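Below: the structure, in structure tokens.
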Amino acid sequence: MSTSGTVICLLRNDLRLHDNELLESIRNLRNTMLNKGSNLVVRRSKPEEVVADLIKQLGSVQELLLHALMFQVTSEELHVEKRVKDVCAQMKVKVHTCWGSTLYHRDDLPFHNMSSLKADPRSAFPCSGGESQALARLKHYFWDTDAVATYKETRNGLIGADYSTKFAPWPAMGSLSPRYIYHQIQQYERERTANQSTYWVIFLLWRDYFKFVGVKYGNRLFQIKGRQDKSVPWLFNAWKEGRTGVPFVDANMRELAMTGLMSNRGRQNVARFLTKDLGLDWRMGAELNTFWSIDHDVCSNYGNWLYSAGIGNDPRENRKFNMIKQGLDYDNNGDYVRQWVPELQGIRGADVHAPWTLSTVSLSHAHVTLGETYPTPIVMTPEWSRHVNKKPSGTGPSPRGKKGPSHTSKQHQDRGIDFYFSRSKKL
């Protein structure tokens, strides 16, 4: 490349500076680039049309280099890249693409072929977009609070900002590099402590995993039969609106609708409820996540939905979750449900997870009328009955709500990255 040439940098997802020499998040990009002797041009149109117009405006320049960062792997994104490359080829402009979206570069793998939301005060994500916010969040979670040192114990929490990293929205938009997170963890382990929690944060490798699943299987990610070519049965609006009559499911869906985010524990439950208990097409859930989730990443979203539907990469194909047990395990006192399902606020303690089991008198005292103020369950499974009578008494603080799980079963407590990514394991 000529040292005097002009470079057009096409910003798609890599909106950061900390491991990109020329990029910054949209909110503070222009000032940063002006300070570095560059500038930012913002256009709202098809990328290929914008690029063509810019090249024409710079017609006297002999050599241009287009940086199309954040190399994509799925069909719609690839079609955009192809159209941009075709325009550049016609106008005799070089195109340089680079793989910048995963912790591992694809060449390092040991195999081949591979809407605007108003902030909700209840949100567990009290942050905004952009690289500056991403770096501030990482500094807070790692260095200011040492919350990363207890991540394994708190990661299944439901309420509060620090039960998990909350990093996902920024890598999804390209404002925070997974490699930067990894190097910060290494530095933290050298300077503070290294334990199971710091090790488990590297679960960001799941992003890599599903990205490379997308590379290998392409559009099979979006097909109803999934990677395993298996059929799944075909109800939706009640689930989408958080009106299923199953409080733990409804609370999570409402949090997603109001904030664009829900906990990892919540995602696993609502996905399995949709596919296993309701028997609905998993793609409807995946598509909803595409529009509602502020941390949406194509491969991670669809890969996780395939996984939950039992037609993806999970060898335990037909696993389903017991919604009552999950609610009692992770929201023991019902605080999370009452936070997002206010019509049930009058029901105290763990009883809120199964309001249909309460007497008419109890419901009346709580100002709840099933079928009117709150729906009756649209589906019930026999296994729920094993737990509705085991609800803990009292109204003390939930052991798994704000501070995460009080314990992890011995069967699962050591299942870190090595378990999921090793070639041989006992399930």
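Lettering and numbering for the structure tokens are positional, with chains as A, B, ... in the shown order, residues counted from 1 in each chain, and ligands counted from 1 in the shown order.
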Enumerate as an NGL selection string all residues of stretch 300-345 of chain A assigned to alpha helix (DSSP H) by DSSP on the backbone, naming them with the chain letters and numbers the document uses.
:A and (300-309 or 323-330 or 335-340)
Go through A:Thr357, A:Asn322, A:Thr290, A:Asn332 and flag the residue nearest A:Thr381, using only C-alpha atoms for the distances.
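When distances to A:Thr381 are compared using only C-alpha atoms, the smallest one comes from A:Asn322.
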Do you have the atom CA of A:Ser364-atom CA of A:Val352 distance handy?
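It comes out at 13.6 Å.
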Please indicate the distance in Å from atom CA of A:Lys92 to atom CA of A:Leu40, rounded to one decimal place.
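So the answer is 23.1 Å.
Distance annotation: of A:Val341, A:Leu306, A:Leu358, A:Val93, the residue with the minimal separation from A:Phe222 is A:Leu306; atom set is only C-alpha atoms.
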Have a look at A:Leu280, A:Gly214, A:Cys299, A:Ile347 and name the one nearest to A:Val361; count only C-alpha atoms.
A:Ile347
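From atom CA of A:Leu370 back to atom CA of A:Val246, the distance works out to 11.6 Å.
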